[in-house]
Structures are given as C-alpha cells and as structure tokens.
$ cat my_file.txt   # compact mmCIF, C-alpha atoms and all ligand atoms
# COMPACT_ATOMS: atom_id res chain seq x y z
CA MET C 1 -142.49 -60.30 46.54
CA ARG C 2 -145.33 -58.36 48.19
CA LEU C 3 -142.77 -56.46 50.12
CA ARG C 4 -140.81 -55.62 47.00
CA LEU C 5 -144.00 -54.45 45.28
CA LEU C 6 -144.83 -52.25 48.23
CA ARG C 7 -141.34 -50.87 48.22
CA SER C 8 -141.42 -50.05 44.54
CA ARG C 9 -144.83 -48.39 44.95
CA ARG C 10 -143.40 -46.27 47.71
CA ALA C 11 -140.43 -45.45 45.54
CA ALA C 12 -142.76 -44.39 42.73
CA THR C 13 -144.71 -42.16 45.12
CA LEU C 14 -141.49 -40.65 46.40
CA ASP C 15 -140.30 -40.13 42.88
CA ARG C 16 -143.56 -38.39 41.99
CA ARG C 17 -143.19 -36.28 45.10
CA GLY C 18 -139.58 -35.51 44.18
CA ARG C 19 -140.67 -34.46 40.71
CA ALA C 20 -143.37 -32.22 42.18
CA ILE C 21 -140.81 -30.59 44.46
CA ARG C 22 -138.41 -30.08 41.56
CA GLN C 23 -141.23 -28.55 39.49
CA LEU C 24 -142.15 -26.28 42.38
CA ALA C 25 -138.53 -25.23 42.75
CA ALA C 26 -138.33 -24.44 39.03
CA ALA C 27 -141.55 -22.43 39.25
CA LEU C 28 -140.12 -20.53 42.22
CA VAL C 29 -136.96 -19.70 40.34
CA LEU C 30 -139.11 -18.35 37.51
CA ALA C 31 -141.25 -16.37 39.94
CA VAL C 32 -138.23 -14.94 41.73
CA GLY C 33 -136.88 -13.91 38.36
CA VAL C 34 -133.99 -11.57 37.87
CA PRO C 35 -132.79 -10.82 41.39
CA ALA C 36 -132.28 -14.46 42.37
CA ALA C 37 -130.82 -15.47 39.02
CA VAL C 38 -128.53 -12.48 39.02
CA ALA C 39 -127.51 -12.96 42.63
CA ALA C 40 -126.62 -16.57 41.84
CA ARG C 41 -124.28 -15.41 39.08
CA GLY C 42 -122.95 -12.51 41.14
CA GLU C 43 -123.82 -9.93 38.47
CA ALA C 44 -125.24 -6.50 39.05
CA PRO C 45 -128.98 -6.37 38.33
CA PHE C 46 -129.86 -4.47 35.16
CA ALA C 47 -132.08 -2.08 37.10
CA ARG C 48 -130.88 -0.72 40.42
CA ALA C 49 -134.37 -0.85 41.83
CA LEU C 50 -134.12 -4.65 41.79
CA GLN C 51 -131.71 -4.37 44.70
CA TRP C 52 -134.63 -3.37 46.89
CA THR C 53 -137.40 -5.37 45.28
CA ALA C 54 -139.09 -8.35 46.91
CA PRO C 55 -138.70 -11.72 45.14
CA GLY C 56 -141.36 -12.15 42.49
CA ALA C 57 -142.16 -8.42 42.37
CA ALA C 58 -139.65 -7.37 39.70
CA LEU C 59 -142.30 -6.92 37.03
CA PRO C 60 -144.79 -4.79 39.01
CA MET C 61 -141.88 -2.79 40.50
CA LEU C 62 -140.35 -1.93 37.13
CA ALA C 63 -143.56 -1.70 35.09
CA GLU C 64 -145.92 0.18 37.40
CA GLN C 65 -146.19 2.96 39.93
CA PRO C 66 -148.99 4.56 41.91
CA ARG C 67 -150.80 7.29 40.03
CA GLN C 68 -150.06 10.81 41.20
CA CYS C 69 -153.02 12.92 42.24
CA PRO C 70 -151.48 16.14 43.57
CA ARG C 71 -153.63 18.27 45.86
CA ALA C 72 -154.99 21.31 44.12
CA ASP C 73 -154.75 23.54 47.21
CA ALA C 74 -150.92 23.60 47.40
CA PRO C 75 -149.91 27.11 48.40
CA ALA C 76 -146.24 27.01 47.22
CA PRO C 77 -145.01 28.29 43.82
CA ALA C 78 -144.78 25.67 41.05
CA ALA C 79 -140.97 25.99 40.82
CA THR C 80 -140.60 25.25 44.56
CA ILE C 81 -142.77 22.13 44.29
CA ALA C 82 -140.83 21.09 41.16
CA ALA C 83 -137.54 21.44 43.07
CA GLY C 84 -138.96 19.36 45.93
CA GLU C 85 -140.11 16.59 43.60
CA ALA C 86 -136.75 16.51 41.81
CA LEU C 87 -134.89 16.20 45.14
CA PHE C 88 -137.35 13.61 46.45
CA ASN C 89 -136.44 11.40 43.47
CA SER C 90 -132.67 11.88 43.78
CA PRO C 91 -130.25 9.65 45.74
CA ALA C 92 -127.79 12.58 45.86
CA LEU C 93 -129.93 14.13 48.60
CA LEU C 94 -129.06 11.21 50.87
CA GLY C 95 -125.58 10.17 51.92
CA GLY C 96 -123.65 7.05 52.82
CA GLN C 97 -125.04 3.62 52.05
CA ALA C 98 -128.43 4.89 50.90
CA SER C 99 -126.98 7.10 48.20
CA LYS C 100 -124.45 4.44 47.15
CA ALA C 101 -127.24 1.94 46.67
CA GLY C 102 -129.13 4.52 44.58
CA LEU C 103 -131.94 4.90 47.11
CA SER C 104 -133.96 8.08 47.09
CA CYS C 105 -137.01 9.09 49.10
CA ALA C 106 -139.03 7.81 46.12
CA ALA C 107 -137.53 4.30 46.39
CA CYS C 108 -139.63 3.81 49.51
CA HIS C 109 -142.37 6.33 48.78
CA ARG C 110 -143.13 5.62 45.09
CA SER C 111 -144.91 8.67 43.62
CA GLY C 112 -144.82 9.91 47.22
CA ARG C 113 -146.98 7.00 48.30
CA ASP C 114 -145.88 3.65 49.75
CA ASN C 115 -144.08 0.65 48.27
CA PRO C 116 -145.41 -2.83 49.07
CA HIS C 117 -142.57 -4.37 47.00
CA PHE C 118 -139.71 -2.72 48.93
CA LEU C 119 -137.40 -5.32 50.43
CA MET C 120 -133.81 -4.73 51.42
CA PRO C 121 -132.28 -7.43 53.58
CA GLN C 122 -130.51 -5.03 55.95
CA LEU C 123 -133.60 -2.87 56.40
CA SER C 124 -136.82 -4.72 55.90
CA GLY C 125 -138.80 -7.32 57.74
CA ALA C 126 -141.72 -8.16 55.48
CA PRO C 127 -141.91 -6.57 52.01
CA GLY C 128 -143.16 -2.97 52.28
CA THR C 129 -141.41 -2.31 55.58
CA ALA C 130 -138.18 -0.54 56.47
CA ASP C 131 -136.26 0.27 59.62
CA VAL C 132 -135.22 3.87 59.19
CA THR C 133 -133.48 3.95 62.56
CA ASN C 134 -130.97 1.34 61.43
CA SER C 135 -127.23 1.91 61.59
CA PHE C 136 -127.05 0.85 57.93
CA PHE C 137 -128.07 4.39 57.03
CA GLY C 138 -126.06 6.31 59.58
CA PRO C 139 -124.70 5.90 63.07
CA GLN C 140 -126.44 8.95 64.58
CA ARG C 141 -129.95 7.66 64.85
CA SER C 142 -129.36 3.97 65.18
CA ASN C 143 -131.43 2.78 68.10
CA GLY C 144 -129.59 -0.55 68.15
CA ARG C 145 -132.75 -2.49 67.42
CA PHE C 146 -134.07 -4.00 64.20
CA ASP C 147 -137.60 -2.66 64.15
CA PRO C 148 -138.89 -2.24 60.61
CA VAL C 149 -142.32 -0.61 60.21
CA ALA C 150 -144.65 -0.29 57.22
CA ILE C 151 -143.56 2.43 54.80
CA PRO C 152 -146.34 5.00 55.12
CA ASP C 153 -148.30 6.46 52.20
CA LEU C 154 -147.45 10.16 52.41
CA ALA C 155 -150.85 11.10 50.97
CA MET C 156 -152.40 9.97 54.26
CA PRO C 157 -152.34 12.09 57.41
CA GLY C 158 -149.51 10.82 59.61
CA LYS C 159 -147.73 11.76 62.79
CA VAL C 160 -146.04 14.80 61.22
CA SER C 161 -148.21 17.88 60.60
CA ARG C 162 -148.56 18.92 56.94
CA ALA C 163 -150.04 22.34 57.85
CA PRO C 164 -148.37 24.98 55.63
CA ASP C 165 -147.63 27.22 58.62
CA SER C 166 -146.05 24.42 60.68
CA PRO C 167 -142.26 23.97 60.64
CA ASP C 168 -142.63 20.31 61.70
CA LEU C 169 -142.49 18.74 58.22
CA ALA C 170 -139.29 20.54 57.14
CA ARG C 171 -137.74 19.68 60.52
CA PHE C 172 -138.71 16.03 60.18
CA ILE C 173 -137.27 15.84 56.66
CA ARG C 174 -134.02 17.46 57.83
CA THR C 175 -133.69 14.79 60.52
CA LEU C 176 -134.36 12.07 57.96
CA VAL C 177 -131.76 13.37 55.51
CA VAL C 178 -129.00 14.22 57.98
CA GLU C 179 -129.43 11.78 60.83
CA GLU C 180 -131.08 8.75 59.29
CA PHE C 181 -129.56 8.79 55.83
CA SER C 182 -126.21 10.52 56.59
CA GLY C 183 -126.83 13.16 53.91
CA ALA C 184 -125.11 16.55 53.84
CA GLU C 185 -126.94 19.34 55.69
CA PRO C 186 -129.67 20.52 53.28
CA SER C 187 -130.01 24.28 52.75
CA PRO C 188 -133.23 25.94 54.00
CA THR C 189 -134.33 26.39 50.34
CA MET C 190 -133.96 22.64 49.77
CA LEU C 191 -135.94 21.78 52.91
CA ASP C 192 -138.71 24.24 51.99
CA ALA C 193 -138.92 22.67 48.55
CA LEU C 194 -139.08 19.10 49.90
CA ALA C 195 -141.77 20.03 52.44
CA ALA C 196 -143.73 21.92 49.74
CA TYR C 197 -143.67 18.84 47.50
CA VAL C 198 -144.66 16.43 50.31
CA ARG C 199 -147.64 18.72 51.11
CA THR C 200 -148.92 18.33 47.54
CA ILE C 201 -148.98 14.51 47.65
CA GLY C 202 -152.63 13.54 47.47
CA ALA C 203 -154.68 10.36 47.37
CA CYS C 204 -156.52 9.50 44.17
CA ALA C 205 -160.26 9.03 43.93
CA ALA C 206 -161.24 5.35 43.78
CA ALA C 207 -161.78 5.54 39.99
CA ASP C 208 -158.16 6.73 39.50
CA ALA C 209 -156.59 4.45 42.06
CA ARG C 210 -155.20 1.87 39.59
CA PRO C 211 -151.40 1.95 39.13
CA GLN C 212 -150.05 3.58 36.01
CA PRO C 213 -147.27 2.28 33.76
CA ARG C 214 -143.72 3.55 34.20
CA ARG C 215 -142.69 5.31 31.00
CA LEU C 216 -139.86 7.32 29.51
CA ALA C 217 -142.14 10.35 30.07
CA ASP C 218 -141.66 9.95 33.86
CA GLN C 219 -137.91 10.49 33.61
CA LEU C 220 -138.33 13.30 31.06
CA ARG C 221 -140.83 15.03 33.33
CA LEU C 222 -138.51 14.82 36.34
CA ILE C 223 -135.64 16.22 34.26
CA ASP C 224 -137.95 19.07 33.24
CA GLN C 225 -138.84 19.60 36.92
CA SER C 226 -135.13 20.10 37.69
CA PHE C 227 -134.85 22.66 34.90
CA LEU C 228 -138.04 24.48 35.85
CA ALA C 229 -136.72 24.73 39.41
CA ALA C 230 -133.26 25.79 38.24
CA SER C 231 -134.71 28.70 36.28
CA ALA C 232 -136.48 30.10 39.37
CA PRO C 233 -134.93 32.68 41.72
CA GLY C 234 -134.52 30.04 44.46
CA ALA C 235 -131.88 28.32 42.31
CA ALA C 236 -129.47 31.13 43.11
CA ASP C 237 -128.81 28.88 46.13
CA PRO C 238 -125.77 26.94 44.86
CA ALA C 239 -126.51 23.91 47.06
CA LEU C 240 -129.98 23.58 45.54
CA ARG C 241 -128.64 24.07 42.02
CA ARG C 242 -126.03 21.33 42.41
CA GLN C 243 -128.72 19.02 43.78
CA LEU C 244 -131.04 19.77 40.87
CA ILE C 245 -128.29 18.93 38.41
CA ALA C 246 -127.48 15.71 40.28
CA ALA C 247 -131.21 14.88 40.27
CA ALA C 248 -131.44 15.35 36.49
CA ARG C 249 -128.32 13.21 35.99
CA HIS C 250 -129.86 10.44 38.08
CA GLN C 251 -132.89 10.45 35.78
CA LEU C 252 -130.54 10.17 32.77
CA GLY C 253 -129.04 7.11 34.47
CA LEU C 254 -132.50 5.58 34.88
CA ILE C 255 -133.18 6.14 31.17
CA ASP C 256 -129.83 4.52 30.35
CA GLU C 257 -130.83 1.37 32.29
CA ARG C 258 -133.92 0.96 30.14
CA TYR C 259 -132.02 1.13 26.83
CA ALA C 260 -129.73 -1.73 27.79
CA ALA C 261 -129.80 -3.71 24.52
CA PRO C 262 -126.62 -3.74 22.39
CA ARG C 263 -128.45 -2.04 19.51
CA HIS C 264 -128.91 1.10 21.65
CA ALA C 265 -125.16 1.44 22.32
CA ALA C 266 -124.78 4.74 20.40
CA LEU C 267 -127.78 6.22 22.19
CA ARG C 268 -126.35 5.19 25.55
CA ARG C 269 -123.01 6.80 24.69
CA ASP C 270 -124.81 10.05 23.91
CA LEU C 271 -126.68 9.83 27.20
CA VAL C 272 -123.40 9.45 29.07
CA THR C 273 -121.92 12.44 27.23
CA ALA C 274 -125.01 14.52 28.01
CA SER C 275 -124.72 13.57 31.67
CA ARG C 276 -121.02 14.54 31.78
CA ASP C 277 -121.78 17.89 30.13
CA LEU C 278 -124.41 18.52 32.77
CA ALA C 279 -121.98 17.68 35.58
CA ARG C 280 -119.52 20.23 34.19
CA ILE C 281 -122.18 22.96 34.32
CA GLY C 282 -122.81 22.03 37.94
CA ASP C 283 -119.14 22.52 38.74
CA GLY C 284 -118.95 26.04 37.33
CA ASP C 285 -120.22 28.93 39.43
CA THR C 286 -120.56 31.49 36.66
CA GLY C 287 -122.58 31.41 33.49
CA TRP C 288 -124.52 28.37 34.66
CA ARG C 289 -127.97 29.65 33.78
CA PRO C 290 -127.42 30.12 30.00
CA ALA C 291 -125.33 26.92 29.97
CA LEU C 292 -128.23 24.99 31.52
CA ASP C 293 -130.69 26.47 29.03
CA GLN C 294 -128.43 25.45 26.17
CA TRP C 295 -128.04 21.94 27.52
CA HIS C 296 -131.78 21.56 27.96
CA ALA C 297 -132.55 22.79 24.44
CA ARG C 298 -129.95 20.43 22.94
CA PHE C 299 -131.28 17.51 24.97
CA ALA C 300 -134.87 18.21 23.86
CA ALA C 301 -133.87 18.55 20.20
CA LYS C 302 -131.28 15.81 19.81
CA LEU C 303 -131.84 13.07 22.39
CA VAL C 304 -135.50 13.11 23.37
CA PRO C 305 -136.85 12.33 19.85
CA ARG C 306 -134.46 9.36 19.52
CA LEU C 307 -135.44 8.06 22.96
CA ARG C 308 -139.14 8.40 22.17
CA GLN C 309 -138.73 6.69 18.83
CA ARG C 310 -137.12 3.65 20.44
CA GLU C 311 -139.20 3.45 23.60
CA ALA C 312 -141.14 0.44 22.30
CA ALA C 313 -137.82 -1.43 21.91
CA SER C 314 -136.66 -0.52 25.41
CA LEU C 315 -137.31 -1.91 28.88
CA TYR C 316 -140.07 0.69 29.28
CA ASP C 317 -142.18 -1.54 27.05
CA PRO C 318 -144.03 -4.01 29.29
CA ALA C 319 -143.83 -6.97 26.87
CA TYR C 320 -140.13 -6.38 26.25
CA LEU C 321 -139.52 -5.99 29.99
CA ARG C 322 -141.30 -9.28 30.65
CA ARG C 323 -139.03 -11.02 28.13
CA ALA C 324 -135.93 -9.48 29.69
CA LEU C 325 -136.97 -10.62 33.17
CA ALA C 326 -137.46 -14.15 31.88
CA ALA C 327 -133.97 -14.21 30.31
CA PRO C 328 -131.95 -12.05 32.63
CA ALA C 329 -128.48 -12.78 31.24
CA ARG C 330 -128.76 -9.82 28.90
CA ALA C 331 -131.47 -7.55 27.59
CA PRO C 332 -132.91 -9.08 24.41
CA ASP C 333 -131.97 -7.17 21.29
C1 LIG C 401 -135.83 3.01 53.30
C2 LIG C 401 -137.16 3.51 53.07
C3 LIG C 401 -137.44 4.99 53.25
C4 LIG C 401 -136.80 6.03 52.63
C5 LIG C 401 -135.62 5.98 51.67
C6 LIG C 401 -137.50 7.23 53.06
N1 LIG C 401 -138.51 6.91 53.89
FE1 LIG C 401 -139.90 8.21 54.62
N2 LIG C 401 -140.54 6.75 55.88
C7 LIG C 401 -140.17 5.43 55.83
C8 LIG C 401 -140.75 4.73 56.94
C9 LIG C 401 -140.61 3.24 57.26
C10 LIG C 401 -141.48 5.69 57.68
C11 LIG C 401 -142.28 5.48 58.96
C12 LIG C 401 -141.34 5.78 60.13
C13 LIG C 401 -142.03 5.75 61.44
O1 LIG C 401 -143.24 5.62 61.50
O2 LIG C 401 -141.29 5.90 62.41
C14 LIG C 401 -141.33 6.96 56.96
C15 LIG C 401 -141.96 8.15 57.35
C16 LIG C 401 -141.92 9.33 56.60
C17 LIG C 401 -142.70 10.52 56.88
C18 LIG C 401 -143.68 10.70 58.04
C19 LIG C 401 -145.08 10.35 57.64
C20 LIG C 401 -146.01 10.68 58.81
O3 LIG C 401 -146.23 9.77 59.63
O4 LIG C 401 -146.48 11.81 58.89
C21 LIG C 401 -142.37 11.46 55.93
C22 LIG C 401 -142.93 12.88 55.79
C23 LIG C 401 -141.37 10.85 55.10
N3 LIG C 401 -141.13 9.54 55.52
C24 LIG C 401 -140.74 11.49 54.05
C25 LIG C 401 -139.56 11.00 53.48
C26 LIG C 401 -138.63 11.81 52.71
C27 LIG C 401 -138.80 13.29 52.38
C28 LIG C 401 -137.61 10.96 52.38
C29 LIG C 401 -136.32 11.32 51.67
C30 LIG C 401 -135.50 12.30 52.35
C31 LIG C 401 -137.92 9.64 52.89
N4 LIG C 401 -139.11 9.71 53.57
C32 LIG C 401 -137.15 8.51 52.67
C33 LIG C 401 -139.36 4.84 54.87
C34 LIG C 401 -138.50 5.56 54.05

$ encode --input "my_file.txt" --output "structure tokens"
Amino acid sequence: MRLRLLRSRRAATLDRRGRAIRQLAAALVLAVGVPAAVAARGEAPFARALQWTAPGAALPMLAEQPRQCPRADAPAPAATIAAGEALFNSPALLGGQASKAGLSCAACHRSGRDNPHFLMPQLSGAPGTADVTNSFFGPQRSNGRFDPVAIPDLAMPGKVSRAPDSPDLARFIRTLVVEEFSGAEPSPTMLDALAAYVRTIGACAAADARPQPRRLADQLRLIDQSFLAASAPGAADPALRRQLIAAARHQLGLIDERYAAPRHAALRRDLVTASRDLARIGDGDTGWRPALDQWHARFAAKLVPRLRQREAASLYDPAYLRRALAAPARAPD
C-alpha cells in the first residue's frame, strides 16, 4: 500500500515534470518561430533573410537594423558612395552559393556594421560569426578548416587600412568578392565605389546608438542610390551599370517579400513587371540613360504611392510582422 502510494507520488512528480518539459518545448517552438516551423514543413521562408537568422531572432532581424551614422569627412563624390552602397547591398556582386542564397555584404554587415543574429549552418559557429574562408563560398580561398570569427563592425578600425590614399581596402574587397565569394571580377570603378562607401561607415554617438526600424523607405532609398549612381559619369562603365540595375531589382524583390498577403497580389504583379522592365534596360547597350530615367519617373509616380499607402498593412509594420511570425503558414491578410 505504502509502496503503491510512493509509486503514484513519483508518477505524479514525473507527470508534472513531463508537462513542464512539454510546456518548455512549446515555448521553444514559439521562440524559434518561423525558421523552425517552416523548416519542419519544408517550405521556403517568407523572407530570405530568415535563412541566415539565428533561432528566436526573426523579429529583431526583420524589424530592426543598426542606425547609419556616415562619417562627414568622406572625400569621394556622392554618386561614387551611392554606387558603393548599392553594390554592398546586392547579392549580384557575389557569385556561387552566396549569391544564390541572396547574401550580400549587408547580410553580414547590416548598415555596414555587424550582425549578432547571423547564423548559417555551413558558415557560423555561434550567432554573429562566419567563416569567410570556407569552401561553401568558393574553392579558391578555402583553408580546409572550419574557423568562424565574429563578423566585425566596419565602423571600427580593423586590420585593413581605411586611409583614402591606401589601396589596401579596394584590394581586400576584391579578394573577398572574387576569391571568397566566387563573384565575377569587379571593375576598378566598382571597387573604388565599394571602398568609398566602406570608408564612410561611421559609429553613432551613444545617444543615437539604438537600432532603427526597417521600413519601405530603406528599399526606396537604396533604389534611389542605384539611380543616382547610374546618372553619374562613372556609370558609363557597363559592368557597374549592370550591377546597379541588379542591385535595384534586388531591392524590388525585398519590397515584394513584405507585401506577401493575398490582398496585395495586384501590387506584387506590378512590382514583378517593373523589375522585368528594368532588367531589359540593363540588357540594352544603347539608349539606357533615358530609359532608366523614364523607368524611375514611372516607378516614383505609379508604384511608390501605392506601396506607401499600404505599408501599414505590410510586413514592414512591426505589429503585423509579429502576427505573421506567430502564424507562419501564410502572411495574414
Ligand atoms: C558571411 C558573412 C560576410 C559577408 C557576406 C561579408 N563579410 Fe566582410 N567580414 C566577415 C567576417 C567574419 C570578417 C572578419 C574576417 C577576419 O577577421 O578574417 C569580415 C571582414 C571584413 C572587412 C575587414 C574589416 C577589418 O578588419 O578591417 C571588410 C572591409 C569587409 N569584411 C567588407 C565586406 C564587404 C565589402 C563584403 C561584400 C563584398 C563583405 N564584407 C561580405 C563576414 C562577412
């Protein structure tokens, strides 16, 4: 009798423990959110960035970014810096697996800074680290070891000189693009632009150090950067021009992801058409400048107002994003 009582008490304790474990597991599933749920169902995540986001970090990754505090003493022309920023945010600059996955320099260096949420199984140890000498990116530089290091904040002085008269930064970036990320050889204009942009990346004063929300305006600004750069004399370089167009198209794709709900279907179709039109301009070698101007004017007049009007009903809206992450099967309408 005593024994039975003891046994049943133990069973009750075990049951309580089992319940606690089940509750913990449920809480974990909630915390892990979209990536785990999506992976379990074998679906593509609704935002590509979730492919390289640590479990539990989907919301901060998609909702926030470090504030940009560009250095005021940048010696390069605005159009060169704009070109560099557009390329920095474009997977088309990189090749192979990186570009296929939609990774750009900015995936690791958000706003040119670091990314504590970055986690890609083939590349990272702890979140915020990456092994950029991994054969995943390209065979040339693979050192045969898995040695991820912390993704550095490019606003901080590092091992590569940022001095405007030093060729080291452009050389380092060339090595990154070609040897580590299997990208096509960048033209000297592209490398100058990337180095010019990296030199402008500055740290914010403590009062401005809080992250800022990710908004539609970020994508619109980067599209404008591509167009500003494409209107400058440097854009006579066809390689740079093609990259700027690819960079703008990537931003259109990021906008598309955020308007995922069925009710935005017509808007998404128009975004796809706009992106195809842009690709066609990139293919042509003559008459591209007026064609780009026309595209940009049409985009600003026809699409931007509709996008702005519906931003609050898109995944740019933090409350809406939170709801979508909690019910990842489809974006709520
Ligand atoms: C997969 C993540 C990842 C991507 C993508 C990436 N980086 Fe980095 N970057 C790193 C890591 C990690 C280091 C540190 C490497 C080291 O210390 O050996 C680094 C280092 C650097 C440095 C040197 C900082 C110093 O110490 O002075 C620069 C500059 C830089 N990256 C620019 C870029 C540019 C430009 C691109 C795009 C062409 C890019 N990175 C893409 C992860 C990344």

$ closest_atom_pairs --input "my_file.txt" --of "chain C" --to "ligand LIG 401 (chain C)" --cutoff "6 Å" --atoms "only C-alpha atoms and all ligand atoms" --output "tab-separated table"
residue	atom	partner	partner_atom	distance
C:Phe88	CA	C:LIG401	C29	5.8
C:Leu103	CA	C:LIG401	C5	6.0
C:Ser104	CA	C:LIG401	C5	5.3
C:Cys105	CA	C:LIG401	C29	3.5
C:Ala107	CA	C:LIG401	C5	5.9
C:Cys108	CA	C:LIG401	C2	4.3
C:Thr129	CA	C:LIG401	C9	5.9
C:Ala130	CA	C:LIG401	C9	4.6
C:Asp131	CA	C:LIG401	C9	5.8
C:Val132	CA	C:LIG401	C9	5.8
C:Val149	CA	C:LIG401	C9	5.1
C:Ala150	CA	C:LIG401	C9	5.4
C:Ile151	CA	C:LIG401	C9	3.9
C:Pro152	CA	C:LIG401	C10	5.5
C:Leu154	CA	C:LIG401	C19	5.7
C:Gly158	CA	C:LIG401	O4	3.3
C:Lys159	CA	C:LIG401	O3	4.0
C:Val160	CA	C:LIG401	O4	3.8
C:Ile173	CA	C:LIG401	C27	5.2
C:Leu176	CA	C:LIG401	C30	5.7
C:Val177	CA	C:LIG401	C30	5.0

$ closest_residue --input "my_file.txt" --among "C:Pro238, C:Arg310, C:Lys302, C:Met120" --to "Pro188 in chain C" --atoms "all atoms listed in the file"
C:Pro238

$ atom_distance --input "my_file.txt" --atom1 "CA of Asp153 in chain C" --atom2 "CA of Leu59 in chain C"
21.1 Å

$ atom_distance --input "my_file.txt" --atom1 "CA of Gln219 in chain C" --atom2 "CA of His296 in chain C"
13.9 Å

$ residues_around --input "my_file.txt" --residues "Gln243 in chain C" --least-positions-apart "2" --cutoff "10 Å" --atoms "only C-alpha atoms" --output "ChimeraX atom specification"
/C:83,86-87,90-93,186,190,226,230,235,238-241,245-249,282

$ write_last_selection --input "my_file.txt" --atoms "C-alpha atoms" --output "CSV table (one decimal), in the coordinates of the input"
chain,number,residue,atom,x,y,z
C,83,ALA,CA,-137.5,21.4,43.1
C,86,ALA,CA,-136.8,16.5,41.8
C,87,LEU,CA,-134.9,16.2,45.1
C,90,SER,CA,-132.7,11.9,43.8
C,91,PRO,CA,-130.2,9.6,45.7
C,92,ALA,CA,-127.8,12.6,45.9
C,93,LEU,CA,-129.9,14.1,48.6
C,186,PRO,CA,-129.7,20.5,53.3
C,190,MET,CA,-134.0,22.6,49.8
C,226,SER,CA,-135.1,20.1,37.7
C,230,ALA,CA,-133.3,25.8,38.2
C,235,ALA,CA,-131.9,28.3,42.3
C,238,PRO,CA,-125.8,26.9,44.9
C,239,ALA,CA,-126.5,23.9,47.1
C,240,LEU,CA,-130.0,23.6,45.5
C,241,ARG,CA,-128.6,24.1,42.0
C,245,ILE,CA,-128.3,18.9,38.4
C,246,ALA,CA,-127.5,15.7,40.3
C,247,ALA,CA,-131.2,14.9,40.3
C,248,ALA,CA,-131.4,15.4,36.5
C,249,ARG,CA,-128.3,13.2,36.0
C,282,GLY,CA,-122.8,22.0,37.9

$ residues_around --input "my_file.txt" --residues "Ala196 in chain C" --least-positions-apart "5" --cutoff "8 Å" --atoms "only C-alpha atoms" --output "MDAnalysis selection string"
chainID C and resid 74 76 80:81 84

$ atom_distance --input "my_file.txt" --atom1 "CA of Thr175 in chain C" --atom2 "CA of Ala98 in chain C"
14.8 Å

$ closest_residue --input "my_file.txt" --among "C:Arg263, C:Arg268, C:Arg162, C:Arg110" --to "Leu303 in chain C" --atoms "all atoms listed in the file"
C:Arg268

$ closest_residue --input "my_file.txt" --among "C:Leu267, C:Met156, C:Val198, C:Ala291" --to "Gln309 in chain C" --atoms "only C-alpha atoms"
C:Leu267

$ residues_around --input "my_file.txt" --residues "Arg215 in chain C" --least-positions-apart "6" --cutoff "12 Å" --atoms "all atoms listed in the file" --output "list in words"
Leu62, Ala63, Glu64, Gln65, Arg221, Leu222, Leu254, Ile255, Arg258, Leu307, Arg308, Glu311, Ala312, Ser314, Leu315, Tyr316, Asp317, Pro318 and Leu321 of chain C

$ closest_residue --input "my_file.txt" --among "C:Arg210, C:His264, C:Arg276, C:Arg113" --to "His250 in chain C" --atoms "only C-alpha atoms"
C:Arg276

$ residues_around --input "my_file.txt" --residues "Phe146 in chain C" --least-positions-apart "5" --cutoff "9 Å" --atoms "all atoms listed in the file" --output "short mmCIF file (atom, residue, chain, number, x, y, z; two decimals) with C-alpha atoms, in the coordinates of the input"
data_model
loop_
_atom_site.label_atom_id
_atom_site.label_comp_id
_atom_site.auth_asym_id
_atom_site.auth_seq_id
_atom_site.Cartn_x
_atom_site.Cartn_y
_atom_site.Cartn_z
CA LEU C 123 -133.60 -2.87 56.40
CA SER C 124 -136.82 -4.72 55.90
CA GLY C 125 -138.80 -7.32 57.74
CA ASP C 131 -136.26 0.27 59.62
CA THR C 133 -133.48 3.95 62.56
CA ASN C 134 -130.97 1.34 61.43
#
